[in-house]
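For reference, the structure discussed in these notes is given below.
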Amino acid sequence: MRSEEVLLVVFRPGPEFLVLLRSPERHGYWNLGAGGVEEGEAPSAAARRELDEESGLAQPLRFELLPLELAYFRPEGLKIAMHAFLAEAPPGWEPVLNEEHVEYRWCSAADADALLAYPEPREAVRCVAHLLEAGAA
């Protein structure tokens with residue numbers, strides 16, 4: 001079982017944040033792009049792969065690891081480390097969803113915070129919003 005995952009905060013000018021609705025087969029909740037780090041794969045490579053697979057964004061304008069330490073525990077007690085990345089999409093860009101998602105929305109940070117189902121994605125969006133406000137992202 002994988003013990004590392006990646007989380008993708010995709011944003012475009014506004015700023016607007018990309019929030020994805022997982023398919024009913026995948027529990028149907030709002031989340032960011034995310035996925036597992038494969039055996040032998042670097043988190044940054046996993047993040048780029050997941051970004052392309054889940055949204056079709058192969059060449060973000062900017063792609064960076066966020067200064068966050070995120071983790072959660074699976075029901076059986078396994079700790080899952082999460083590596084959060086920001087990915088800047090070009091103005092006007094729209095995602096092409098894969099089978100994992102059925103809908104997407106561009107949201108303000110506050111709207112994304114209200115829509116996202118779990119605390120780790122909410123924290124990642126707040127981090128990017130803060131970096132953008134400070135001019136650091």
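Simple scheme: letters A, B, ... for chains in structure tokens order, numbers from 1 for residues in each chain, numbers from 1 for ligands in the order shown.
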Residues within 6 Å of region 93-110 of chain A, only C-alpha atoms, excluding chain neighbours under 2 positions, as a VMD selection string: chain A and resid 16 to 23 54 to 56 90 to 91 112 to 113
Alpha helix (DSSP H) per DSSP on the backbone: members of chain A, as a PyMOL selection string: chain A and resi 43-55+109-115+119-134
Given only C-alpha atoms as the counted atoms, nearest of A:Trp30, A:Ala89, A:Ala117, A:Glu25 to Asp52 (chain A):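 Smallest distance to Asp52 (chain A) is found for A:Ala89.
One distance worth recording is that between CA of Leu132 (chain A) and CA of Gly14 (chain A), which is 10.1 Å.
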DSSP-assigned strand (DSSP E or B) among chain A, expressed as a PyMOL selection string: chain A and resi 4-12+16-22+30-31+33-36+62-65+70-73+79-88+101-107
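When CA of Phe63 (chain A) is paired with CA of Ala114 (chain A), their separation reads 24.7 Å.
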Length of the CA of Ala58 (chain A) to CA of Glu120 (chain A) vector [Å]: 23.9 Å
